[in-house]
file run-v7.txt (compact mmCIF, C-alpha atoms and all ligand atoms)
# COMPACT_ATOMS: atom_id res chain seq x y z
CA MET Y 188 0.00 0.00 0.00
CA GLU Y 189 1.21 3.49 -0.78
CA THR Y 190 2.15 5.57 2.25
CA ALA Y 191 2.50 9.31 2.65
CA ALA Y 192 6.29 8.88 2.59
CA ASN Y 193 6.43 7.33 -0.90
CA ALA Y 194 3.33 8.88 -2.43
CA ALA Y 195 3.96 11.12 -5.44
CA PRO Y 196 3.88 14.80 -4.44
CA ALA Y 197 0.53 16.46 -5.15
CA ALA Y 198 0.33 18.35 -8.45
CA VAL Y 199 1.08 22.05 -7.99
CA ILE Y 200 -1.31 24.56 -9.57
CA VAL Y 201 0.00 28.07 -10.24
CA ALA Y 202 -2.31 30.86 -11.46
CA ILE Y 203 -0.73 33.93 -13.11
CA ASP Y 204 -3.04 36.83 -13.97
CA GLY Y 205 -2.61 40.43 -15.03
CA PRO Y 206 -3.15 42.89 -17.87
CA SER Y 207 -1.54 42.76 -21.30
CA GLY Y 208 2.23 43.10 -21.54
CA THR Y 209 3.01 42.48 -17.89
CA GLY Y 210 5.01 39.35 -18.79
CA LYS Y 211 2.48 36.59 -18.05
CA SER Y 212 3.26 34.38 -21.07
CA SER Y 213 7.05 34.70 -20.97
CA THR Y 214 7.17 34.21 -17.20
CA SER Y 215 4.70 31.32 -17.12
CA LYS Y 216 6.42 29.40 -19.91
CA ALA Y 217 9.86 29.78 -18.32
CA VAL Y 218 8.67 28.88 -14.81
CA ALA Y 219 6.82 25.81 -16.11
CA ALA Y 220 9.85 24.68 -18.15
CA GLN Y 221 12.21 25.17 -15.21
CA LEU Y 222 9.99 23.24 -12.78
CA GLY Y 223 8.83 20.49 -15.17
CA LEU Y 224 5.19 21.67 -15.13
CA SER Y 225 2.63 21.99 -17.91
CA TYR Y 226 1.69 25.43 -19.25
CA LEU Y 227 -1.64 26.82 -20.40
CA ASP Y 228 -2.10 30.16 -22.22
CA THR Y 229 -5.81 30.88 -21.69
CA GLY Y 230 -5.62 34.08 -23.76
CA ALA Y 231 -4.75 31.88 -26.75
CA GLN Y 232 -8.01 29.96 -26.19
CA TYR Y 233 -10.08 33.18 -26.19
CA ARG Y 234 -8.19 34.31 -29.27
CA ALA Y 235 -8.89 30.93 -30.94
CA ILE Y 236 -12.64 31.11 -30.36
CA THR Y 237 -12.58 34.73 -31.62
CA TRP Y 238 -10.69 33.63 -34.76
CA TRP Y 239 -13.36 30.96 -35.39
CA MET Y 240 -16.20 33.51 -34.96
CA VAL Y 241 -14.54 35.92 -37.42
CA ASN Y 242 -13.87 33.10 -39.94
CA ASN Y 243 -17.43 31.87 -39.73
CA GLY Y 244 -19.03 35.25 -40.32
CA ILE Y 245 -20.47 35.64 -36.80
CA ASP Y 246 -21.35 39.27 -36.04
CA ILE Y 247 -19.01 40.25 -33.19
CA ALA Y 248 -21.37 43.09 -32.23
CA ASP Y 249 -24.14 40.55 -31.54
CA PRO Y 250 -23.61 38.74 -28.19
CA ALA Y 251 -26.60 36.45 -28.85
CA ALA Y 252 -25.03 35.22 -32.11
CA ILE Y 253 -21.72 34.63 -30.34
CA ALA Y 254 -23.48 32.78 -27.50
CA ALA Y 255 -25.38 30.54 -29.97
CA ALA Y 256 -22.09 29.51 -31.65
CA ALA Y 257 -19.97 29.18 -28.51
CA GLU Y 258 -20.10 25.37 -28.36
CA LYS Y 259 -19.23 24.82 -32.03
CA PRO Y 260 -15.43 25.13 -32.40
CA ASP Y 261 -13.23 22.31 -31.09
CA ILE Y 262 -10.32 24.02 -29.35
CA VAL Y 263 -7.29 21.96 -28.32
CA SER Y 264 -4.32 23.35 -26.37
CA GLY Y 265 -0.93 21.59 -26.21
CA THR Y 266 0.61 22.30 -22.79
CA ASP Y 267 4.34 21.61 -23.25
CA PRO Y 268 6.02 24.90 -22.20
CA SER Y 269 8.83 24.38 -24.72
CA GLY Y 270 6.33 24.28 -27.60
CA PRO Y 271 2.75 25.18 -26.68
CA THR Y 272 0.22 24.59 -29.47
CA ILE Y 273 -3.35 25.62 -30.24
CA THR Y 274 -5.69 24.16 -32.85
CA VAL Y 275 -9.29 24.84 -33.87
CA ASP Y 276 -11.09 21.93 -35.53
CA GLY Y 277 -7.67 20.41 -36.19
CA THR Y 278 -6.16 23.55 -37.82
CA ASP Y 279 -3.04 25.09 -36.29
CA VAL Y 280 -4.06 28.68 -35.46
CA ALA Y 281 -0.97 29.78 -33.50
CA ALA Y 282 -0.19 32.53 -36.04
CA PRO Y 283 -3.66 33.77 -37.16
CA ILE Y 284 -4.85 34.28 -33.56
CA ARG Y 285 -2.20 37.03 -33.15
CA THR Y 286 -3.46 39.28 -35.98
CA GLN Y 287 -4.61 42.83 -35.25
CA GLU Y 288 -8.14 41.84 -36.29
CA VAL Y 289 -8.40 39.10 -33.67
CA THR Y 290 -6.72 41.29 -31.02
CA SER Y 291 -9.26 44.06 -31.61
CA LYS Y 292 -12.24 41.65 -31.28
CA VAL Y 293 -11.17 39.27 -28.53
CA SER Y 294 -12.45 41.39 -25.62
CA ALA Y 295 -15.99 41.50 -27.07
CA VAL Y 296 -16.09 37.74 -27.69
CA SER Y 297 -14.58 36.85 -24.30
CA ALA Y 298 -17.15 39.01 -22.47
CA VAL Y 299 -19.99 36.70 -23.55
CA PRO Y 300 -20.96 34.45 -20.57
CA GLU Y 301 -21.55 31.34 -22.77
CA VAL Y 302 -18.03 31.71 -24.18
CA ARG Y 303 -16.56 32.06 -20.70
CA SER Y 304 -18.35 29.04 -19.24
CA ARG Y 305 -17.31 26.86 -22.18
CA ILE Y 306 -13.64 27.93 -22.06
CA THR Y 307 -13.53 27.81 -18.25
CA GLU Y 308 -14.64 24.14 -18.29
CA LEU Y 309 -11.95 23.36 -20.84
CA GLN Y 310 -9.33 25.07 -18.66
CA ARG Y 311 -10.40 23.20 -15.53
CA SER Y 312 -10.28 19.87 -17.29
CA ILE Y 313 -6.76 20.58 -18.61
CA ALA Y 314 -5.60 21.61 -15.12
CA ARG Y 315 -7.10 18.44 -13.59
CA GLY Y 316 -5.21 16.33 -16.12
CA ALA Y 317 -1.77 17.84 -15.38
CA GLU Y 318 -0.01 15.13 -13.39
CA VAL Y 319 2.98 17.07 -12.05
CA GLY Y 320 1.22 20.42 -12.07
CA ILE Y 321 0.56 23.37 -14.33
CA VAL Y 322 1.10 27.10 -14.70
CA VAL Y 323 -2.09 28.68 -16.05
CA GLU Y 324 -1.98 32.31 -17.18
CA GLY Y 325 -4.83 34.68 -17.99
CA ARG Y 326 -7.14 37.26 -16.48
CA ASP Y 327 -9.49 35.34 -14.14
CA ILE Y 328 -7.53 32.22 -13.24
CA GLY Y 329 -7.01 33.02 -9.54
CA THR Y 330 -10.50 34.47 -9.07
CA THR Y 331 -12.76 32.14 -11.09
CA VAL Y 332 -11.13 29.32 -13.03
CA LEU Y 333 -8.88 27.86 -10.30
CA PRO Y 334 -9.77 29.61 -7.03
CA ASP Y 335 -8.04 26.79 -5.07
CA ALA Y 336 -4.71 27.22 -6.88
CA ASP Y 337 -1.67 26.60 -4.65
CA LEU Y 338 -0.10 29.89 -5.67
CA LYS Y 339 -1.64 32.98 -7.27
CA ILE Y 340 0.45 35.72 -8.82
CA PHE Y 341 -0.87 39.04 -10.17
CA LEU Y 342 1.62 40.76 -12.49
CA THR Y 343 1.43 44.51 -13.10
CA ALA Y 344 3.58 47.10 -14.93
CA SER Y 345 3.13 50.72 -15.94
CA PRO Y 346 1.22 51.32 -19.20
CA GLU Y 347 4.41 52.89 -20.63
CA ALA Y 348 6.53 49.80 -19.91
CA ARG Y 349 3.83 47.48 -21.26
CA ALA Y 350 3.42 49.52 -24.46
CA ALA Y 351 7.19 49.64 -25.00
CA ARG Y 352 7.41 45.85 -24.62
CA ARG Y 353 4.49 45.21 -27.00
CA SER Y 354 5.61 47.67 -29.68
CA GLY Y 355 9.06 46.06 -29.50
CA GLU Y 356 7.35 42.82 -30.58
CA LEU Y 357 5.20 44.41 -33.30
CA LYS Y 358 8.13 45.78 -35.31
CA GLY Y 359 7.69 49.46 -36.13
CA ALA Y 360 4.42 49.84 -34.18
CA ASP Y 361 3.81 53.31 -32.76
CA VAL Y 362 4.27 53.23 -28.95
CA ASN Y 363 1.49 55.74 -28.28
CA ALA Y 364 -1.05 53.89 -30.43
CA THR Y 365 -0.03 50.59 -28.79
CA ARG Y 366 -0.42 52.17 -25.34
CA GLU Y 367 -3.91 53.48 -26.16
CA ALA Y 368 -4.98 50.07 -27.56
CA LEU Y 369 -3.68 48.29 -24.43
CA ILE Y 370 -5.48 50.67 -22.09
CA LYS Y 371 -8.72 50.22 -24.07
CA ARG Y 372 -8.47 46.41 -23.95
CA ASP Y 373 -7.63 46.42 -20.21
CA ALA Y 374 -10.68 48.61 -19.54
CA ALA Y 375 -12.94 46.24 -21.49
CA ASP Y 376 -11.46 43.17 -19.76
CA SER Y 377 -11.68 44.74 -16.27
CA GLY Y 378 -15.13 46.23 -16.82
CA ARG Y 379 -17.05 43.21 -18.11
CA LYS Y 380 -19.74 41.68 -15.88
CA THR Y 381 -18.68 38.02 -16.09
CA SER Y 382 -15.36 37.12 -14.54
CA PRO Y 383 -13.44 40.35 -15.19
CA LEU Y 384 -9.68 40.82 -15.06
CA ALA Y 385 -9.06 41.12 -11.30
CA LYS Y 386 -6.51 40.35 -8.61
CA ALA Y 387 -7.60 37.58 -6.25
CA GLY Y 388 -7.56 38.59 -2.59
CA ASP Y 389 -4.87 35.98 -1.86
CA ALA Y 390 -2.68 36.70 -4.91
CA VAL Y 391 0.90 37.94 -4.59
CA GLU Y 392 1.24 41.16 -6.63
CA VAL Y 393 4.51 41.63 -8.52
CA ASP Y 394 5.15 44.99 -10.23
CA THR Y 395 7.45 44.12 -13.15
CA THR Y 396 8.02 47.71 -14.39
CA GLU Y 397 11.59 47.89 -13.08
CA LEU Y 398 12.38 44.17 -13.18
CA THR Y 399 14.04 42.17 -15.94
CA LEU Y 400 12.17 39.12 -17.22
CA GLN Y 401 14.83 36.94 -15.55
CA GLN Y 402 14.18 38.61 -12.17
CA VAL Y 403 10.43 38.01 -12.50
CA ILE Y 404 11.01 34.34 -13.40
CA GLU Y 405 13.33 33.86 -10.40
CA CYS Y 406 10.81 35.54 -8.09
CA VAL Y 407 7.98 33.23 -9.20
CA VAL Y 408 10.15 30.08 -9.12
CA THR Y 409 11.13 30.93 -5.54
CA LEU Y 410 7.48 31.43 -4.54
CA VAL Y 411 6.50 28.05 -6.07
CA GLU Y 412 9.39 26.29 -4.32
CA GLU Y 413 8.42 27.87 -0.99
CA LYS Y 414 4.84 26.66 -1.45
CA ARG Y 415 6.01 23.15 -2.29
CA ALA Y 416 8.34 23.03 0.71
CA ALA Y 417 5.54 24.14 3.03
CA ALA Y 418 3.04 21.58 1.67
N1 LIG A 501 10.16 42.19 -17.01
C1 LIG A 501 10.29 42.39 -18.33
N2 LIG A 501 11.15 43.30 -18.80
C2 LIG A 501 11.24 43.53 -20.13
N3 LIG A 501 10.54 42.89 -21.09
C3 LIG A 501 9.67 41.97 -20.67
C4 LIG A 501 9.48 41.66 -19.29
N4 LIG A 501 8.53 40.71 -19.18
C5 LIG A 501 8.13 40.44 -20.45
N5 LIG A 501 8.82 41.19 -21.34
C6 LIG A 501 8.66 41.20 -22.81
O1 LIG A 501 7.43 41.89 -23.04
C7 LIG A 501 6.70 41.29 -24.08
C8 LIG A 501 5.29 40.90 -23.58
O2 LIG A 501 5.42 39.85 -22.63
P1 LIG A 501 4.35 38.72 -22.50
O3 LIG A 501 4.94 37.64 -21.65
O4 LIG A 501 3.80 38.31 -23.83
O5 LIG A 501 3.19 39.50 -21.68
P2 LIG A 501 1.67 39.13 -21.41
O6 LIG A 501 1.54 37.64 -21.60
O7 LIG A 501 1.41 39.58 -20.01
O8 LIG A 501 0.87 39.90 -22.40
C9 LIG A 501 7.53 40.11 -24.57
O9 LIG A 501 8.27 40.52 -25.70
C10 LIG A 501 8.47 39.83 -23.41
O10 LIG A 501 9.69 39.27 -23.81
N1 LIG A 502 -8.40 34.17 -18.73
C1 LIG A 502 -8.55 35.03 -19.76
C2 LIG A 502 -7.52 35.22 -20.70
C3 LIG A 502 -7.72 36.10 -21.74
N2 LIG A 502 -8.92 36.73 -21.85
C4 LIG A 502 -9.22 37.61 -22.99
C5 LIG A 502 -9.00 39.07 -22.68
C6 LIG A 502 -7.72 39.41 -23.40
O1 LIG A 502 -7.71 40.75 -23.84
C7 LIG A 502 -7.69 38.42 -24.55
C8 LIG A 502 -6.34 38.02 -25.09
O2 LIG A 502 -5.55 37.53 -24.03
P1 LIG A 502 -3.95 37.41 -24.19
O3 LIG A 502 -3.44 36.90 -22.90
O4 LIG A 502 -3.62 36.67 -25.43
O5 LIG A 502 -3.57 38.91 -24.40
P2 LIG A 502 -2.15 39.57 -24.52
O6 LIG A 502 -1.09 38.51 -24.50
O7 LIG A 502 -2.10 40.39 -23.32
O8 LIG A 502 -2.21 40.36 -25.76
O9 LIG A 502 -8.39 37.28 -24.08
C9 LIG A 502 -9.90 36.55 -20.91
O10 LIG A 502 -10.97 37.17 -21.02
N3 LIG A 502 -9.71 35.70 -19.88
call {"tool": "encode", "arguments": {"input": "run-v7.txt", "output": "structure tokens"}}
result
Amino acid sequence: METAANAAPAAVIVAIDGPSGTGKSSTSKAVAAQLGLSYLDTGAQYRAITWWMVNNGIDIADPAAIAAAAEKPDIVSGTDPSGPTITVDGTDVAAPIRTQEVTSKVSAVSAVPEVRSRITELQRSIARGAEVGIVVEGRDIGTTVLPDADLKIFLTASPEARAARRSGELKGADVNATREALIKRDAADSGRKTSPLAKAGDAVEVDTTELTLQQVIECVVTLVEEKRAAA
């Protein structure tokens, strides 16, 4: 019979939330890779369902039409942090979900309650299936999706730092326009009724404005290791 002494350690669940450009994806991927955990980018799932709506001619301004179609696309996320994948009905959508068109529509689609309940179920089932544990990043992971997570982190950074990071990625993008677009998306994500972007009461807040990515990764790895040691 298995005893507590030789039982496998319980899977560790880490929730990382925060607005755009705070470093959630880069930090989560690196922490998961370093600790041998799975990794789930929940923003990619909301982008994937948005991509499907756009491709199937659903009117993004019509929440009832979005709700009626919410169950249709088959969204599959690969959770290896060294090569995360995302497919819709078997098609690799890793690139098309990052277009400006999808980015400008994702907040409207992800505000629809039927979309959220569908994607939330998917996220919970992926987290349950992660044997060693998982780092899940998004907007409502610590508050709604995985409220019993072992560790919750809320990343922040000034709008200026976030815009500079994002426009560095989108070669040649105007920093001011990027900043305005980020602020608009944050306001939509924080202001929606169902499961808005929010810091959980028991989340550790890390302001990354003055930190390098490596410093943020080290900070989160240390927090996970402390949690594991205390368990
Ligand atoms: N602390 C940091 N300092 C400088 N650049 C960073 C930092 N954290 C992330 N970045 C860079 O900023 C960009 C956005 O990071 P990302 O992880 O995609 O943020 P999010 O997932 O929160 O939107 C990436 O190019 C990333 O390399
Ligand atoms: N848990 C989540 C994750 C993302 N979303 C929505 C809101 C976000 O603006 C979009 C896109 O998320 P994503 O993490 O890809 O955004 P950025 O990497 O910050 O550009 O999805 C959400 O509503 N809930």
call {"tool": "closest_residue", "arguments": {"input": "run-v7.txt", "among": "Y:Ser354, Y:Thr272, Y:Thr214, Y:Ser225", "to": "Gln402 (chain Y)", "atoms": "only C-alpha atoms"}}
result
Y:Thr214
call {"tool": "atom_distance", "arguments": {"input": "run-v7.txt", "atom1": "CA of Ala248 (chain Y)", "atom2": "atom O4 of ligand LIG 501 (chain A)"}}
result
27.0 Å
call {"tool": "closest_atom_pairs", "arguments": {"input": "run-v7.txt", "of": "chain Y", "to": "ligand LIG 502 (chain A)", "cutoff": "7 Å", "atoms": "all atoms listed in the file", "output": "CSV"}}
result
residue,atom,partner,partner_atom,distance
Y:Pro206,CA,A:LIG502,O7,6.1
Y:Ser207,CA,A:LIG502,O7,3.2
Y:Gly208,CA,A:LIG502,O7,5.4
Y:Ser212,CA,A:LIG502,O6,6.9
Y:Asp228,CA,A:LIG502,O3,6.9
Y:Thr229,CA,A:LIG502,C2,4.8
Y:Gly230,CA,A:LIG502,O2,3.5
Y:Ala231,CA,A:LIG502,O4,5.1
Y:Tyr233,CA,A:LIG502,O9,4.9
Y:Arg234,CA,A:LIG502,C8,5.9
Y:Thr290,CA,A:LIG502,C8,6.8
Y:Val293,CA,A:LIG502,C7,5.4
Y:Ser294,CA,A:LIG502,C5,5.1
Y:Ser297,CA,A:LIG502,O10,4.9
Y:Ala298,CA,A:LIG502,O10,6.6
Y:Glu324,CA,A:LIG502,N1,6.9
Y:Gly325,CA,A:LIG502,N1,3.7
Y:Arg326,CA,A:LIG502,N1,4.0
Y:Asp327,CA,A:LIG502,N1,4.9
Y:Ile328,CA,A:LIG502,N1,5.9
Y:Arg372,CA,A:LIG502,O1,5.7
Y:Asp373,CA,A:LIG502,O1,6.7
Y:Asp376,CA,A:LIG502,C5,5.6
call {"tool": "residues_near_point", "arguments": {"input": "run-v7.txt", "point": "(-3.6, 20.3, -20.8)", "cutoff": "7 Å", "atoms": "only C-alpha atoms", "output": "ChimeraX atom specification"}}
result
/Y:227,264-266,313-314,316-317
call {"tool": "closest_residue", "arguments": {"input": "run-v7.txt", "among": "Y:Ile340, Y:Ala418, Y:Val199, Y:Ala351", "to": "ligand LIG 501 (chain A)", "atoms": "all atoms listed in the file"}}
result
Y:Ala351
call {"tool": "closest_atom_pairs", "arguments": {"input": "run-v7.txt", "of": "chain Y", "to": "ligand LIG 501 (chain A)", "cutoff": "9 Å", "atoms": "all atoms listed in the file", "output": "tab-separated table"}}
result
residue	atom	partner	partner_atom	distance
Y:Asp204	CA	A:LIG501	O7	8.0
Y:Gly205	CA	A:LIG501	O7	6.5
Y:Pro206	CA	A:LIG501	O7	6.0
Y:Ser207	CA	A:LIG501	O8	3.9
Y:Gly208	CA	A:LIG501	O8	3.6
Y:Thr209	CA	A:LIG501	O7	3.9
Y:Gly210	CA	A:LIG501	O3	3.3
Y:Lys211	CA	A:LIG501	O7	3.7
Y:Ser212	CA	A:LIG501	O3	3.7
Y:Ser213	CA	A:LIG501	O3	3.7
Y:Thr214	CA	A:LIG501	O3	6.0
Y:Ser215	CA	A:LIG501	O3	7.8
Y:Lys216	CA	A:LIG501	O3	8.6
Y:Asp228	CA	A:LIG501	O6	8.3
Y:Gly230	CA	A:LIG501	O6	8.3
Y:Glu324	CA	A:LIG501	O6	7.8
Y:Gly325	CA	A:LIG501	O6	7.9
Y:Leu342	CA	A:LIG501	O7	7.6
Y:Thr343	CA	A:LIG501	O7	8.5
Y:Ala344	CA	A:LIG501	N1	8.5
Y:Ala348	CA	A:LIG501	C2	7.8
Y:Arg349	CA	A:LIG501	O1	6.9
Y:Ala350	CA	A:LIG501	O1	8.7
Y:Ala351	CA	A:LIG501	O1	8.0
Y:Arg352	CA	A:LIG501	O1	4.3
Y:Arg353	CA	A:LIG501	C7	5.4
Y:Ser354	CA	A:LIG501	C7	8.6
Y:Gly355	CA	A:LIG501	O9	6.8
Y:Glu356	CA	A:LIG501	O9	5.5
Y:Asp394	CA	A:LIG501	N1	8.9
Y:Thr395	CA	A:LIG501	N1	5.1
Y:Thr396	CA	A:LIG501	N1	6.5
Y:Glu397	CA	A:LIG501	N1	7.1
Y:Leu398	CA	A:LIG501	N1	4.8
Y:Thr399	CA	A:LIG501	N1	4.0
Y:Leu400	CA	A:LIG501	N1	3.7
Y:Gln401	CA	A:LIG501	N1	7.2
Y:Gln402	CA	A:LIG501	N1	7.2
Y:Val403	CA	A:LIG501	N1	6.2
Y:Ile404	CA	A:LIG501	N1	8.7
call {"tool": "build_atoms", "arguments": {"input": "run-v7.txt", "residues": "region 250-260 of chain Y", "atoms": "all heavy atoms", "output": "JSON list (two decimals), in the coordinates of the input"}}
result
[["chain", "number", "residue", "atom", "x", "y", "z"],
["Y", 250, "PRO", "N", -23.94, 39.75, -29.22],
["Y", 250, "PRO", "CA", -23.61, 38.74, -28.19],
["Y", 250, "PRO", "C", -24.48, 37.48, -28.28],
["Y", 250, "PRO", "O", -24.00, 36.38, -28.00],
["Y", 250, "PRO", "CB", -23.86, 39.48, -26.86],
["Y", 250, "PRO", "CG", -23.81, 40.92, -27.20],
["Y", 250, "PRO", "CD", -24.27, 41.05, -28.62],
["Y", 251, "ALA", "N", -25.73, 37.63, -28.74],
["Y", 251, "ALA", "CA", -26.60, 36.45, -28.85],
["Y", 251, "ALA", "C", -26.09, 35.49, -29.93],
["Y", 251, "ALA", "O", -26.12, 34.26, -29.76],
["Y", 251, "ALA", "CB", -28.04, 36.87, -29.15],
["Y", 252, "ALA", "N", -25.58, 36.05, -31.03],
["Y", 252, "ALA", "CA", -25.03, 35.22, -32.11],
["Y", 252, "ALA", "C", -23.77, 34.51, -31.63],
["Y", 252, "ALA", "O", -23.54, 33.33, -31.93],
["Y", 252, "ALA", "CB", -24.74, 36.08, -33.34],
["Y", 253, "ILE", "N", -22.96, 35.23, -30.88],
["Y", 253, "ILE", "CA", -21.72, 34.63, -30.34],
["Y", 253, "ILE", "C", -22.09, 33.50, -29.37],
["Y", 253, "ILE", "O", -21.53, 32.40, -29.41],
["Y", 253, "ILE", "CB", -20.85, 35.70, -29.63],
["Y", 253, "ILE", "CG1", -20.35, 36.72, -30.66],
["Y", 253, "ILE", "CG2", -19.69, 35.07, -28.88],
["Y", 253, "ILE", "CD1", -19.65, 37.92, -30.05],
["Y", 254, "ALA", "N", -23.06, 33.78, -28.49],
["Y", 254, "ALA", "CA", -23.48, 32.78, -27.50],
["Y", 254, "ALA", "C", -24.00, 31.51, -28.20],
["Y", 254, "ALA", "O", -23.66, 30.39, -27.79],
["Y", 254, "ALA", "CB", -24.56, 33.36, -26.60],
["Y", 255, "ALA", "N", -24.78, 31.69, -29.27],
["Y", 255, "ALA", "CA", -25.38, 30.54, -29.97],
["Y", 255, "ALA", "C", -24.31, 29.67, -30.62],
["Y", 255, "ALA", "O", -24.51, 28.46, -30.80],
["Y", 255, "ALA", "CB", -26.36, 31.04, -31.02],
["Y", 256, "ALA", "N", -23.15, 30.27, -30.95],
["Y", 256, "ALA", "CA", -22.09, 29.51, -31.65],
["Y", 256, "ALA", "C", -21.00, 29.03, -30.70],
["Y", 256, "ALA", "O", -20.10, 28.29, -31.11],
["Y", 256, "ALA", "CB", -21.49, 30.40, -32.73],
["Y", 257, "ALA", "N", -21.10, 29.39, -29.43],
["Y", 257, "ALA", "CA", -19.97, 29.18, -28.51],
["Y", 257, "ALA", "C", -19.53, 27.73, -28.37],
["Y", 257, "ALA", "O", -18.35, 27.45, -28.13],
["Y", 257, "ALA", "CB", -20.32, 29.75, -27.13],
["Y", 258, "GLU", "N", -20.45, 26.78, -28.54],
["Y", 258, "GLU", "CA", -20.10, 25.37, -28.36],
["Y", 258, "GLU", "C", -19.49, 24.75, -29.62],
["Y", 258, "GLU", "O", -19.03, 23.61, -29.60],
["Y", 258, "GLU", "CB", -21.34, 24.56, -27.97],
["Y", 258, "GLU", "CG", -21.92, 24.87, -26.60],
["Y", 258, "GLU", "CD", -21.00, 24.45, -25.46],
["Y", 258, "GLU", "OE1", -20.27, 23.46, -25.61],
["Y", 258, "GLU", "OE2", -21.01, 25.16, -24.42],
["Y", 259, "LYS", "N", -19.55, 25.46, -30.74],
["Y", 259, "LYS", "CA", -19.23, 24.82, -32.03],
["Y", 259, "LYS", "C", -17.74, 24.50, -32.26],
["Y", 259, "LYS", "O", -17.42, 23.38, -32.63],
["Y", 259, "LYS", "CB", -19.79, 25.65, -33.19],
["Y", 259, "LYS", "CG", -21.31, 25.59, -33.22],
["Y", 259, "LYS", "CD", -21.88, 26.27, -34.44],
["Y", 259, "LYS", "CE", -23.41, 26.19, -34.41],
["Y", 259, "LYS", "NZ", -24.02, 27.05, -35.41],
["Y", 260, "PRO", "N", -16.82, 25.45, -32.07],
["Y", 260, "PRO", "CA", -15.43, 25.13, -32.40],
["Y", 260, "PRO", "C", -14.80, 24.15, -31.40],
["Y", 260, "PRO", "O", -15.07, 24.22, -30.20],
["Y", 260, "PRO", "CB", -14.72, 26.48, -32.34],
["Y", 260, "PRO", "CG", -15.59, 27.36, -31.52],
["Y", 260, "PRO", "CD", -16.99, 26.86, -31.67]]
